[in-house]
file upload-v1.cif (mmCIF, C-alpha atoms)
data_protein
#
loop_
_atom_site.label_atom_id
_atom_site.label_comp_id
_atom_site.auth_asym_id
_atom_site.auth_seq_id
_atom_site.Cartn_x
_atom_site.Cartn_y
_atom_site.Cartn_z
CA MET Y 114 15.77 -9.87 10.06
CA GLY Y 115 17.04 -6.32 10.28
CA ILE Y 116 15.33 -3.11 11.33
CA ARG Y 117 12.56 -2.30 8.87
CA MET Y 118 9.63 -0.03 8.21
CA LYS Y 119 6.50 -2.16 7.85
CA SER Y 120 4.64 -0.06 5.30
CA GLU Y 121 5.24 2.75 2.87
CA ARG Y 122 2.57 4.86 4.55
CA PHE Y 123 4.60 4.75 7.75
CA ASP Y 124 7.81 5.36 5.80
CA ALA Y 125 6.68 8.98 5.53
CA ILE Y 126 6.45 9.32 9.32
CA VAL Y 127 9.81 9.06 11.03
CA ILE Y 128 9.99 9.83 14.76
CA PRO Y 129 13.62 10.68 15.61
CA ASP Y 130 15.16 8.66 18.41
CA ASN Y 131 16.47 11.79 20.16
CA LEU Y 132 13.02 13.20 20.89
CA SER Y 133 11.93 13.02 24.51
CA GLN Y 134 9.41 10.39 25.49
CA ARG Y 135 6.80 13.08 26.16
CA VAL Y 136 7.15 14.56 22.67
CA ARG Y 137 6.96 11.09 21.12
CA GLU Y 138 3.79 10.38 23.11
CA GLY Y 139 2.37 13.66 21.82
CA ILE Y 140 3.06 12.67 18.23
CA ARG Y 141 1.34 9.33 18.75
CA GLN Y 142 -1.68 11.04 20.30
CA GLY Y 143 -1.84 13.43 17.35
CA GLU Y 144 -1.84 10.45 14.98
CA LYS Y 145 -4.76 8.91 16.90
CA ILE Y 146 -6.79 12.13 16.56
CA TYR Y 147 -5.99 12.25 12.85
CA MET Y 148 -7.05 8.64 12.34
CA LYS Y 149 -10.27 9.11 14.29
CA ASN Y 150 -11.32 11.93 11.98
CA LYS Y 151 -10.97 9.60 8.98
CA ARG Y 152 -13.75 7.25 10.08
CA LYS Y 153 -16.57 9.19 8.43
CA LYS Y 154 -14.88 9.04 5.03
CA ILE Y 155 -14.54 5.27 4.94
CA MET Y 156 -18.14 4.79 6.14
CA ILE Y 157 -19.34 6.86 3.18
CA ARG Y 158 -17.05 5.01 0.76
CA VAL Y 159 -18.37 1.55 1.61
CA ALA Y 160 -22.02 2.55 2.05
CA THR Y 161 -22.99 2.08 -1.60
CA ALA Y 162 -21.26 -1.28 -1.94
CA ALA Y 163 -22.67 -2.47 1.36
CA ALA Y 164 -26.19 -1.48 0.32
CA ALA Y 165 -25.84 -3.59 -2.81
CA LEU Y 166 -24.74 -6.58 -0.76
CA PHE Y 167 -27.64 -6.20 1.65
CA VAL Y 168 -29.99 -6.28 -1.36
CA CYS Y 169 -28.40 -9.65 -2.13
CA MET Y 170 -29.01 -10.71 1.47
CA GLY Y 171 -32.67 -9.81 1.02
CA VAL Y 172 -32.81 -12.09 -2.01
CA PHE Y 173 -31.27 -14.92 0.00
CA ALA Y 174 -33.76 -14.39 2.82
CA SER Y 175 -36.66 -14.59 0.39
CA GLN Y 176 -35.32 -17.90 -0.94
CA PRO Y 177 -34.65 -20.07 2.14
CA ALA Y 178 -33.29 -23.02 0.15
CA LEU Y 179 -30.65 -20.72 -1.33
CA ALA Y 180 -30.00 -18.94 1.96
CA SER Y 181 -29.28 -22.21 3.73
CA LYS Y 182 -26.35 -22.85 1.41
CA ILE Y 183 -24.90 -19.34 1.38
CA PRO Y 184 -23.21 -18.20 4.63
CA VAL Y 185 -24.59 -14.66 5.07
CA ILE Y 186 -22.44 -12.89 2.44
CA ARG Y 187 -20.16 -14.73 0.05
CA ASN Y 188 -18.89 -11.67 -1.78
CA ILE Y 189 -16.68 -10.01 0.81
CA PHE Y 190 -13.59 -10.33 -1.40
CA LYS Y 191 -15.47 -8.55 -4.18
CA LEU Y 192 -16.58 -5.81 -1.79
CA LEU Y 193 -13.13 -5.09 -0.38
CA GLN Y 194 -10.56 -6.10 -2.99
CA GLY Y 195 -10.44 -2.65 -4.62
CA ASP Y 196 -9.07 -1.07 -1.42
CA TYR Y 197 -7.18 -4.10 -0.14
CA SER Y 198 -3.40 -4.04 0.34
CA TYR Y 199 -2.98 -6.80 -2.25
CA GLN Y 200 -5.36 -5.47 -4.89
CA GLY Y 201 -6.55 -7.84 -7.57
CA ASP Y 202 -9.51 -9.99 -8.47
CA LEU Y 203 -9.55 -12.21 -5.39
CA ASP Y 204 -13.25 -12.84 -5.97
CA SER Y 205 -12.67 -14.64 -9.28
CA VAL Y 206 -10.25 -17.16 -7.76
CA ALA Y 207 -11.82 -17.55 -4.33
CA HIS Y 208 -13.31 -20.79 -3.09
CA LYS Y 209 -16.87 -20.01 -1.97
CA LEU Y 210 -17.57 -22.15 1.06
CA GLU Y 211 -20.64 -24.37 0.90
CA GLU Y 212 -22.38 -25.37 4.09
CA PRO Y 213 -22.78 -29.16 4.42
CA GLU Y 214 -26.13 -30.65 3.48
CA ASP Y 215 -27.12 -30.93 7.15
CA THR Y 216 -26.86 -27.16 7.70
CA GLY Y 217 -29.99 -26.07 9.52
CA LYS Y 218 -29.65 -28.96 11.96
CA ASN Y 219 -27.40 -29.13 14.99
CA TYR Y 220 -23.78 -28.83 13.91
CA GLY Y 221 -21.53 -29.68 16.80
CA GLU Y 222 -22.04 -28.11 20.19
CA ASP Y 223 -23.79 -24.81 20.73
CA GLN Y 224 -21.24 -22.11 21.62
CA SER Y 225 -23.78 -19.46 22.61
CA GLY Y 226 -23.20 -20.25 26.26
CA SER Y 227 -26.67 -21.65 26.86
CA GLY Y 228 -25.51 -25.24 26.58
CA GLU Y 229 -28.53 -26.06 24.39
CA ALA Y 230 -28.55 -26.07 20.63
CA GLY Y 231 -32.27 -26.43 19.98
CA SER Y 232 -33.88 -27.14 16.64
CA ALA Y 233 -32.96 -24.86 13.75
CA THR Y 234 -34.68 -22.77 11.16
CA GLU Y 235 -33.32 -20.73 8.29
CA GLY Y 236 -33.02 -16.95 8.48
CA GLN Y 237 -31.41 -13.90 6.93
CA ASP Y 238 -28.84 -13.45 9.67
CA GLY Y 239 -27.51 -16.99 9.58
CA ILE Y 240 -28.89 -20.17 11.08
CA GLU Y 241 -31.13 -19.63 14.10
CA GLY Y 242 -32.76 -21.95 16.59
CA THR Y 243 -36.47 -21.81 17.39
CA ASP Y 244 -35.63 -19.89 20.56
CA GLY Y 245 -33.86 -17.19 18.53
CA ASN Y 246 -30.38 -18.25 19.60
CA ALA Y 247 -27.87 -18.87 16.84
CA VAL Y 248 -26.88 -22.46 16.17
CA ASN Y 249 -23.47 -23.39 14.81
CA SER Y 250 -23.04 -24.35 11.21
CA ALA Y 251 -19.76 -25.34 9.57
CA TYR Y 252 -18.65 -21.81 8.74
CA THR Y 253 -20.86 -19.66 10.99
CA LYS Y 254 -20.26 -19.64 14.75
CA THR Y 255 -21.97 -17.64 17.49
CA VAL Y 256 -20.72 -16.91 21.00
CA ASP Y 257 -22.48 -14.52 23.41
CA GLY Y 258 -24.36 -12.58 20.75
CA VAL Y 259 -21.43 -12.29 18.33
CA THR Y 260 -21.55 -14.27 15.07
CA ILE Y 261 -18.50 -14.78 12.85
CA SER Y 262 -18.98 -16.24 9.38
CA ILE Y 263 -16.09 -17.27 7.14
CA SER Y 264 -17.44 -17.57 3.62
CA GLU Y 265 -14.47 -17.50 1.20
CA THR Y 266 -10.92 -18.80 1.11
CA TYR Y 267 -8.01 -18.33 -1.25
CA CYS Y 268 -4.53 -19.81 -0.98
CA SER Y 269 -1.36 -19.14 -2.96
CA VAL Y 270 2.13 -20.46 -2.34
CA GLU Y 271 2.76 -17.38 -0.20
CA ALA Y 272 -0.43 -16.72 1.77
CA ILE Y 273 -3.89 -17.84 2.86
CA TYR Y 274 -6.77 -15.36 2.62
CA LEU Y 275 -10.04 -15.71 4.56
CA SER Y 276 -13.10 -13.46 4.34
CA LEU Y 277 -14.85 -12.76 7.65
CA MET Y 278 -18.17 -11.20 8.51
CA ILE Y 279 -18.65 -10.27 12.17
CA LYS Y 280 -22.18 -9.49 13.35
CA SER Y 281 -22.83 -8.23 16.89
CA GLU Y 282 -26.23 -8.02 18.57
CA GLU Y 283 -24.96 -4.87 20.29
CA ALA Y 284 -23.50 -2.05 18.22
CA PHE Y 285 -19.75 -2.13 17.75
CA PRO Y 286 -17.89 0.35 19.97
CA GLU Y 287 -16.38 3.39 18.28
CA THR Y 288 -13.14 2.10 16.79
CA MET Y 289 -9.81 3.76 16.00
CA MET Y 290 -9.00 4.12 12.31
CA ASP Y 291 -5.51 3.52 10.94
CA MET Y 292 -3.78 5.81 8.48
CA SER Y 293 -5.30 3.94 5.52
CA GLU Y 294 -8.76 4.79 6.92
CA GLN Y 295 -9.59 1.27 8.11
CA PRO Y 296 -10.78 0.21 11.58
CA ILE Y 297 -7.96 -1.21 13.71
CA ILE Y 298 -9.15 -4.73 14.49
CA TYR Y 299 -7.08 -7.76 15.45
CA VAL Y 300 -7.67 -11.49 15.39
CA ARG Y 301 -6.12 -13.51 18.22
CA GLY Y 302 -6.30 -17.23 17.60
CA GLU Y 303 -4.61 -20.48 16.68
CA ALA Y 304 -4.30 -22.39 13.43
CA ASN Y 305 -3.21 -25.95 12.75
CA TYR Y 306 -2.42 -27.51 9.40
CA SER Y 307 -2.42 -31.12 8.24
CA PHE Y 308 1.06 -30.79 6.72
CA ARG Y 309 2.65 -29.40 9.89
CA PRO Y 310 3.37 -31.42 13.02
CA ALA Y 311 1.15 -30.68 16.01
CA GLY Y 312 2.84 -30.26 19.40
CA GLY Y 313 6.38 -31.50 19.97
CA GLU Y 314 8.58 -30.03 17.26
CA ALA Y 315 5.86 -27.53 16.37
CA GLU Y 316 5.81 -25.99 19.83
CA GLY Y 317 6.92 -22.38 19.90
CA MET Y 318 6.36 -22.10 16.17
CA ALA Y 319 4.29 -19.36 14.56
CA ASN Y 320 0.91 -20.63 13.38
CA GLY Y 321 -0.75 -17.73 11.59
CA GLY Y 322 -3.77 -17.61 13.87
CA THR Y 323 -3.07 -14.09 15.09
CA GLY Y 324 -2.92 -10.91 13.02
CA THR Y 325 -4.83 -7.88 11.80
CA LEU Y 326 -7.96 -7.58 9.69
CA GLU Y 327 -8.43 -5.25 6.73
CA GLY Y 328 -12.01 -4.21 6.15
CA ALA Y 329 -14.86 -1.88 7.02
CA PHE Y 330 -18.03 -1.53 9.07
CA LEU Y 331 -21.09 -2.08 6.88
CA ASP Y 332 -23.30 -0.75 9.65
CA GLU Y 333 -23.17 -0.40 13.45
CA HIS Y 334 -23.64 -4.14 13.94
CA THR Y 335 -21.71 -5.58 10.98
CA TYR Y 336 -18.05 -5.67 9.98
CA ALA Y 337 -16.59 -7.32 6.87
CA GLY Y 338 -12.88 -7.99 6.56
CA ILE Y 339 -10.07 -10.03 5.03
CA PHE Y 340 -7.62 -11.97 7.17
CA ARG Y 341 -4.29 -12.84 5.56
CA ILE Y 342 -1.86 -15.47 6.82
CA ASP Y 343 1.70 -15.25 5.50
CA ILE Y 344 3.59 -18.45 4.75
CA ILE Y 345 6.26 -17.31 7.21
CA ASP Y 346 3.54 -17.14 9.88
CA ILE Y 347 2.93 -20.82 9.23
CA THR Y 348 6.42 -22.21 8.69
CA GLY Y 349 8.57 -19.81 10.69
CA ASN Y 350 12.20 -20.27 9.63
CA ASP Y 351 11.80 -24.01 9.08
CA ASP Y 352 12.85 -24.51 5.44
CA ALA Y 353 11.83 -28.17 5.49
CA ILE Y 354 8.21 -27.31 6.35
CA LYS Y 355 8.25 -24.48 3.81
CA GLU Y 356 9.35 -26.89 1.06
CA LYS Y 357 6.64 -29.33 2.15
CA TYR Y 358 4.10 -26.51 1.87
CA TYR Y 359 5.29 -25.53 -1.61
CA ALA Y 360 4.83 -29.12 -2.78
CA LEU Y 361 1.18 -29.33 -1.70
CA ASP Y 362 -1.90 -29.06 -3.88
CA ALA Y 363 -4.29 -29.03 -0.90
CA PHE Y 364 -4.36 -29.40 2.87
CA ASP Y 365 -6.70 -29.25 5.86
CA MET Y 366 -6.74 -26.32 8.24
CA ASN Y 367 -8.22 -25.93 11.71
CA PHE Y 368 -8.75 -22.29 12.71
CA CYS Y 369 -9.84 -21.16 16.17
CA ILE Y 370 -10.49 -17.46 16.86
CA ASN Y 371 -10.13 -16.84 20.58
CA GLN Y 372 -10.67 -13.08 20.50
CA ILE Y 373 -11.62 -10.26 18.14
CA ILE Y 374 -10.00 -7.08 19.47
CA GLY Y 375 -10.46 -3.46 18.43
CA ASP Y 376 -8.70 -0.25 19.41
CA LYS Y 377 -11.11 2.23 20.98
CA ALA Y 378 -11.54 5.46 19.06
CA GLU Y 379 -11.09 7.38 22.31
CA PRO Y 380 -8.88 5.51 24.78
CA GLU Y 381 -9.55 6.30 28.43
CA PRO Y 382 -7.07 9.05 29.42
CA LEU Y 383 -4.65 8.63 32.27
CA ASP Y 384 -5.26 10.50 35.52
CA TYR Y 385 -2.46 13.07 35.70
CA ARG Y 386 -3.37 13.71 39.34
CA GLY Y 387 -3.74 17.45 39.04
CA LYS Y 388 -0.39 18.04 37.34
CA THR Y 389 -0.44 21.08 35.10
CA GLN Y 390 1.06 21.06 31.62
CA ALA Y 391 3.83 23.35 32.87
CA GLU Y 392 4.72 20.90 35.64
CA ILE Y 393 4.78 18.01 33.18
CA ASP Y 394 6.96 19.97 30.73
CA ALA Y 395 9.41 20.74 33.54
CA MET Y 396 10.01 17.03 34.23
CA SER Y 397 13.17 15.35 33.03
CA ASP Y 398 12.76 12.21 30.92
CA GLU Y 399 13.60 10.11 33.98
CA GLU Y 400 11.01 11.95 36.11
CA TRP Y 401 8.45 11.60 33.34
CA SER Y 402 9.04 7.84 33.04
CA ALA Y 403 8.72 7.39 36.81
CA PHE Y 404 5.54 9.48 36.88
CA MET Y 405 4.01 7.49 34.02
CA ALA Y 406 4.82 4.22 35.79
CA GLU Y 407 3.13 5.59 38.91
CA ILE Y 408 -0.13 6.68 37.25
CA THR Y 409 -0.52 3.80 34.78
CA PRO Y 410 -2.73 0.97 36.11
CA PRO Y 411 -0.92 -2.40 35.92
CA ASP Y 412 -3.65 -3.95 33.79
CA ARG Y 413 -3.26 -1.18 31.20
CA ASN Y 414 -0.03 -2.83 30.07
CA GLN Y 415 -1.96 -5.98 29.13
CA PHE Y 416 -3.38 -6.63 25.68
CA PRO Y 417 -6.24 -6.27 25.36
CA ASN Y 418 -7.12 -3.89 28.18
CA LYS Y 419 -10.35 -2.08 29.05
CA TYR Y 420 -8.80 1.38 28.75
CA GLU Y 421 -7.69 1.15 25.12
CA ASN Y 422 -9.52 -1.83 23.62
CA TRP Y 423 -12.86 -3.51 23.15
CA TRP Y 424 -13.03 -7.25 22.46
CA PHE Y 425 -15.23 -10.28 21.87
CA ASP Y 426 -14.24 -13.61 23.41
CA GLY Y 427 -14.58 -16.93 21.57
CA PRO Y 428 -13.82 -19.60 20.84
CA PHE Y 429 -15.05 -19.58 17.22
CA GLU Y 430 -13.76 -22.78 15.62
CA TYR Y 431 -13.66 -23.74 11.93
CA GLU Y 432 -12.26 -26.48 9.74
CA PHE Y 433 -11.40 -25.94 6.08
CA HIS Y 434 -10.10 -27.94 3.17
CA ILE Y 435 -7.74 -25.50 1.44
CA GLU Y 436 -6.82 -25.89 -2.22
CA MET Y 437 -3.68 -24.10 -3.36
CA ASP Y 438 -3.59 -21.91 -6.47
CA LYS Y 439 -0.22 -22.36 -8.17
CA ASP Y 440 -1.12 -20.65 -11.44
CA GLY Y 441 1.68 -18.28 -12.38
CA ALA Y 442 3.58 -18.94 -9.16
CA GLN Y 443 7.34 -18.78 -9.56
CA VAL Y 444 10.09 -19.33 -7.02
CA VAL Y 445 13.56 -18.01 -7.86
CA THR Y 446 16.34 -19.00 -5.46
CA VAL Y 447 19.45 -16.81 -5.70
CA ASP Y 448 21.24 -17.64 -2.41
CA GLU Y 449 24.09 -15.15 -2.60
CA MET Y 450 25.70 -12.50 -0.41
CA ASN Y 451 28.39 -9.97 -1.36
CA GLU Y 452 31.32 -8.48 0.53
CA THR Y 453 29.08 -5.95 2.32
CA GLY Y 454 27.28 -8.78 4.07
CA ALA Y 455 24.06 -8.10 2.11
CA GLY Y 456 22.41 -10.35 -0.42
CA LEU Y 457 19.33 -12.15 -1.64
CA TYR Y 458 18.12 -15.65 -0.82
CA GLN Y 459 14.79 -16.11 -2.60
CA ILE Y 460 11.99 -14.29 -4.39
CA VAL Y 461 8.49 -15.69 -4.93
CA LYS Y 462 5.84 -14.28 -7.31
CA THR Y 463 2.11 -15.14 -7.18
CA ARG Y 464 -1.04 -13.56 -8.65
CA PHE Y 465 -1.18 -10.74 -6.11
CA GLU Y 466 2.22 -10.38 -4.47
CA ILE Y 467 5.96 -10.71 -4.60
CA THR Y 468 7.81 -11.86 -1.49
CA VAL Y 469 11.52 -11.28 -1.13
CA GLU Y 470 13.82 -12.90 1.41
CA GLU Y 471 17.21 -11.25 1.81
CA LYS Y 472 20.37 -13.05 2.90
CA CYS Y 473 22.47 -10.91 5.25
CA SER Y 474 25.28 -11.50 7.70
CA GLU Y 475 24.55 -11.17 11.42
CA GLU Y 476 26.56 -7.95 11.58
CA ARG Y 477 24.69 -6.43 8.65
CA THR Y 478 21.35 -7.51 10.10
CA ARG Y 479 22.19 -5.81 13.40
CA SER Y 480 23.10 -2.62 11.53
CA GLY Y 481 19.73 -2.65 9.79
CA VAL Y 482 18.68 -2.98 6.17
CA PHE Y 483 15.90 -1.57 4.04
CA MET Y 484 14.76 -3.38 0.92
CA VAL Y 485 13.47 -1.69 -2.24
CA VAL Y 486 11.89 -3.55 -5.17
CA LEU Y 487 11.24 -1.86 -8.52
CA ASP Y 488 8.97 -3.18 -11.26
CA ALA Y 489 10.05 -3.62 -14.90
CA ASP Y 490 9.39 0.09 -15.50
CA GLY Y 491 11.67 1.10 -12.63
CA GLU Y 492 8.80 2.15 -10.33
CA MET Y 493 8.74 1.18 -6.64
CA LEU Y 494 6.41 -1.67 -5.77
CA PRO Y 495 4.14 -0.80 -2.81
CA TYR Y 496 4.30 -2.78 0.40
CA GLY Y 497 1.25 -4.90 1.05
CA GLY Y 498 -0.49 -5.43 4.35
CA SER Y 499 1.83 -8.18 5.48
CA SER Y 500 3.62 -8.01 8.82
CA TYR Y 501 6.80 -8.19 6.80
CA ALA Y 502 8.23 -5.34 4.76
CA ASP Y 503 9.51 -7.77 2.12
CA THR Y 504 6.06 -8.54 0.68
CA TYR Y 505 4.89 -6.30 -2.16
CA ALA Y 506 1.60 -5.78 -4.00
CA ILE Y 507 1.84 -6.16 -7.79
CA ASN Y 508 -1.65 -5.40 -9.14
CA GLY Y 509 -1.48 -3.45 -12.39
CA ARG Y 510 2.33 -3.55 -12.53
CA ASP Y 511 4.67 -5.07 -15.10
CA VAL Y 512 6.59 -7.63 -13.06
CA SER Y 513 7.99 -9.67 -15.94
CA LYS Y 514 11.21 -8.63 -14.28
CA VAL Y 515 11.98 -6.78 -11.04
CA TYR Y 516 15.00 -5.08 -9.51
CA VAL Y 517 15.82 -5.89 -5.89
CA TYR Y 518 18.02 -3.60 -3.77
CA VAL Y 519 19.20 -4.03 -0.18
CA CYS Y 520 20.14 -0.67 1.36
CA ASP Y 521 21.68 0.37 4.66
CA TYR Y 522 18.71 1.35 6.83
CA VAL Y 523 20.12 4.62 8.16
CA GLU Y 524 21.41 5.76 4.77
CA TYR Y 525 18.08 4.97 3.15
CA MET Y 526 16.07 6.84 5.78
CA ASP Y 527 18.44 9.82 5.94
CA ASP Y 528 18.97 10.35 2.23
CA ILE Y 529 18.07 7.73 -0.39
CA LYS Y 530 14.33 7.71 0.26
CA GLY Y 531 14.20 11.43 -0.50
CA HIS Y 532 14.95 10.59 -4.14
CA ARG Y 533 12.05 8.17 -4.64
CA LYS Y 534 10.27 10.53 -7.03
CA ASP Y 535 13.42 11.38 -8.98
CA ALA Y 536 13.70 10.20 -12.57
CA ASP Y 537 17.11 8.69 -11.82
CA PHE Y 538 16.03 6.86 -8.63
CA LYS Y 539 16.98 3.49 -10.12
CA GLN Y 540 20.45 4.79 -10.93
CA ILE Y 541 20.84 6.15 -7.40
CA LEU Y 542 19.98 2.71 -6.03
CA GLU Y 543 22.45 1.07 -8.38
CA GLU Y 544 25.20 3.33 -7.05
CA ARG Y 545 24.34 3.37 -3.35
CA ALA Y 546 22.61 0.10 -2.44
CA LEU Y 547 24.64 -2.50 -0.58
CA TYR Y 548 23.36 -5.14 -2.98
CA GLY Y 549 21.33 -5.18 -6.19
CA LYS Y 550 19.89 -7.90 -8.41
CA GLU Y 551 17.74 -8.07 -11.54
CA ILE Y 552 15.27 -10.97 -11.47
CA VAL Y 553 13.56 -12.07 -14.70
CA PHE Y 554 10.41 -14.20 -14.39
#
call {"tool": "encode", "arguments": {"input": "upload-v1.cif", "output": "structure tokens"}}
result
Amino acid sequence: MGIRMKSERFDAIVIPDNLSQRVREGIRQGEKIYMKNKRKKIMIRVATAAAALFVCMGVFASQPALASKIPVIRNIFKLLQGDYSYQGDLDSVAHKLEEPEDTGKNYGEDQSGSGEAGSATEGQDGIEGTDGNAVNSAYTKTVDGVTISISETYCSVEAIYLSLMIKSEEAFPETMMDMSEQPIIYVRGEANYSFRPAGGEAEGMANGGTGTLEGAFLDEHTYAGIFRIDIIDITGNDDAIKEKYYALDAFDMNFCINQIIGDKAEPEPLDYRGKTQAEIDAMSDEEWSAFMAEITPPDRNQFPNKYENWWFDGPFEYEFHIEMDKDGAQVVTVDEMNETGAGLYQIVKTRFEITVEEKCSEERTRSGVFMVVLDADGEMLPYGGSSYADTYAINGRDVSKVYVYVCDYVEYMDDIKGHRKDADFKQILEERALYGKEIVF
């Protein structure tokens, strides 16, 4: 895969390669300050919706029989889908997870660290033992005062979506906001699937257990988010496993969260050892790099680290039966490449996204490509929250047909992207793209 920008919001921020390392670090620090100042806005935006959901929680608490079957909040998709990267009515197609009939009794081993599960009673904040310690249920797990509930799933031929609620006995640390005004929070874990071999030939393969969350803090102790797993995270470049996945109607999934990691709103600054700004500015790039290596603690280069991150350790383990939604899903295989070494292999459309896989020569890939997809009206489709720039959100767009263009990366960044708002942008792409294709669904 060639050099790509991961999201349109970052497409607008290009840091030239010829800037010194110090200037580039300054730009990054400026972005952090900007993102920190956005936190208040998102807290206000979700407050009303969160209040409505907590009213629902009060209803559940007043009806224990109902509460025992509803893991904390089962409407996280509904709460977040309006601001989610892949907008659309996830709530209407989600599978709402039901706790087994024996919820409220011991469910597996207690992960709270006490080594004792205890008897259980029902409560507003999940299932609790008589000693006040949380007891595991099928979809709610507690470790060291942190409870993670997974209450909804949705699966298309291109992705798995999980809704998570994270509740912490201690208030969440102040957390860095990204440029879309969402807290920067990562999931580090492992996932296994019944259709994919375990160990052996699966070793070294991506598994989709690690990625970023999209969501918001509902209060100082509660975070709600959506975790998305791309099909490429599951299958890697193994076409045989991908075809096996496409053929499924349902499968079993084991998901273990080892860590929840956040970026601190105010990372601990480095000790510049009395150097003045003038002395730092006078350093050459080589001197600056050597100085940074000298003053940076070795453990700061780890992830996570105590200087820049907060984190909760697991494990939080879950097992799901996932049913795949194939309604409206279409796979179009083109499998062609032109004389420029650029082309298109496959495009997949689902309810909420379009995923495009280019086919480029090794030389072209090394040079770098940038893909643009236009809807039927000739408007650019926005990138979703995937780790891959070839996945696009389609909510509210006419995608009865789309236009796919593979551009030279440098040419796109230097010139073509400046015409995105022009009325003749489609014509410019037709004339200047390395490869173009109209796909009719």
call {"tool": "closest_residue", "arguments": {"input": "upload-v1.cif", "among": "Y:Asp346, Y:Asp362, Y:Glu430, Y:Glu212", "to": "Ala272 of chain Y", "atoms": "all atoms listed in the file"}}
result
Y:Asp346
call {"tool": "atom_distance", "arguments": {"input": "upload-v1.cif", "atom1": "atom CA of Met278 of chain Y", "atom2": "atom CA of Thr335 of chain Y"}}
result
7.1 Å
call {"tool": "resolve_selection", "arguments": {"input": "upload-v1.cif", "expression": "the PyMOL selection byres ((chain Y and resi 529) around 9)", "output": "list of chain:residue names"}}
result
Y:Cys520, Y:Glu524, Y:Tyr525, Y:Met526, Y:Asp527, Y:Asp528, Y:Lys530, Y:Gly531, Y:His532, Y:Arg533, Y:Phe538, Y:Ile541, Y:Leu542, Y:Arg545
call {"tool": "residues_near_point", "arguments": {"input": "upload-v1.cif", "point": "(-7.8, -16.1, -7.7)", "cutoff": "8 Å", "atoms": "all atoms listed in the file", "output": "ChimeraX atom specification"}}
result
/Y:202-207,267,438,464
call {"tool": "closest_residue", "arguments": {"input": "upload-v1.cif", "among": "Y:Leu210, Y:Cys268, Y:Ala406, Y:Leu547", "to": "Ala251 of chain Y", "atoms": "only C-alpha atoms"}}
result
Y:Leu210
call {"tool": "resolve_selection", "arguments": {"input": "upload-v1.cif", "expression": "the PyMOL selection byres ((chain Y and resi 455-457) around 7)", "output": "PDB file with C-alpha atoms, keeping the file's coordinate frame"}}
result
ATOM      1  CA  VAL Y 447      19.450 -16.810  -5.700  1.00  0.00           C
ATOM      2  CA  ASP Y 448      21.240 -17.640  -2.410  1.00  0.00           C
ATOM      3  CA  GLU Y 449      24.090 -15.150  -2.600  1.00  0.00           C
ATOM      4  CA  MET Y 450      25.700 -12.500  -0.410  1.00  0.00           C
ATOM      5  CA  ASN Y 451      28.390  -9.970  -1.360  1.00  0.00           C
ATOM      6  CA  THR Y 453      29.080  -5.950   2.320  1.00  0.00           C
ATOM      7  CA  GLY Y 454      27.280  -8.780   4.070  1.00  0.00           C
ATOM      8  CA  TYR Y 458      18.120 -15.650  -0.820  1.00  0.00           C
ATOM      9  CA  GLN Y 459      14.790 -16.110  -2.600  1.00  0.00           C
ATOM     10  CA  GLU Y 470      13.820 -12.900   1.410  1.00  0.00           C
ATOM     11  CA  GLU Y 471      17.210 -11.250   1.810  1.00  0.00           C
ATOM     12  CA  LYS Y 472      20.370 -13.050   2.900  1.00  0.00           C
ATOM     13  CA  CYS Y 473      22.470 -10.910   5.250  1.00  0.00           C
ATOM     14  CA  SER Y 474      25.280 -11.500   7.700  1.00  0.00           C
ATOM     15  CA  ARG Y 477      24.690  -6.430   8.650  1.00  0.00           C
ATOM     16  CA  VAL Y 519      19.200  -4.030  -0.180  1.00  0.00           C
ATOM     17  CA  LEU Y 547      24.640  -2.500  -0.580  1.00  0.00           C
ATOM     18  CA  TYR Y 548      23.360  -5.140  -2.980  1.00  0.00           C
TER      19      TYR Y 548
END
call {"tool": "resolve_selection", "arguments": {"input": "upload-v1.cif", "expression": "the PyMOL selection byres ((chain Y and resi 383-392) around 12)", "output": "MDAnalysis selection string"}}
result
chainID Y and resid 135 379:382 393:397 400:401 404:410 413 420:421
call {"tool": "atom_distance", "arguments": {"input": "upload-v1.cif", "atom1": "atom CA of Thr266 of chain Y", "atom2": "atom CA of Ala284 of chain Y"}}
result
27.0 Å
call {"tool": "residues_around", "arguments": {"input": "upload-v1.cif", "residues": "segment 488-495 of chain Y", "least_positions_apart": "3", "cutoff": "10 Å", "atoms": "only C-alpha atoms", "output": "ChimeraX atom specification"}}
result
/Y:120-122,198-199,466-467,485,498,502,504-508,510-517,533-534,536-540,551-553
call {"tool": "closest_residue", "arguments": {"input": "upload-v1.cif", "among": "Y:Pro411, Y:Gly258, Y:Gly427, Y:Pro213", "to": "Val300 of chain Y", "atoms": "only C-alpha atoms"}}
result
Y:Gly427
call {"tool": "closest_residue", "arguments": {"input": "upload-v1.cif", "among": "Y:Tyr197, Y:Tyr336, Y:Trp424, Y:Phe368", "to": "Ser293 of chain Y", "atoms": "only C-alpha atoms"}}
result
Y:Tyr197
call {"tool": "closest_residue", "arguments": {"input": "upload-v1.cif", "among": "Y:Gly481, Y:Gly322, Y:Gly549, Y:Gly441", "to": "Ser269 of chain Y", "atoms": "all atoms listed in the file"}}
result
Y:Gly441
call {"tool": "atom_distance", "arguments": {"input": "upload-v1.cif", "atom1": "atom CA of Ala378 of chain Y", "atom2": "atom CA of Val259 of chain Y"}}
result
20.3 Å
call {"tool": "closest_residue", "arguments": {"input": "upload-v1.cif", "among": "Y:Ile342, Y:Cys369, Y:Ala353, Y:Ala403", "to": "Phe429 of chain Y", "atoms": "all atoms listed in the file"}}
result
Y:Cys369
call {"tool": "residues_around", "arguments": {"input": "upload-v1.cif", "residues": "Ile298 of chain Y", "least_positions_apart": "4", "cutoff": "10 Å", "atoms": "all atoms listed in the file", "output": "number ranges by chain"}}
result
Y: 288-291, 324-329, 338, 373-377, 422-424
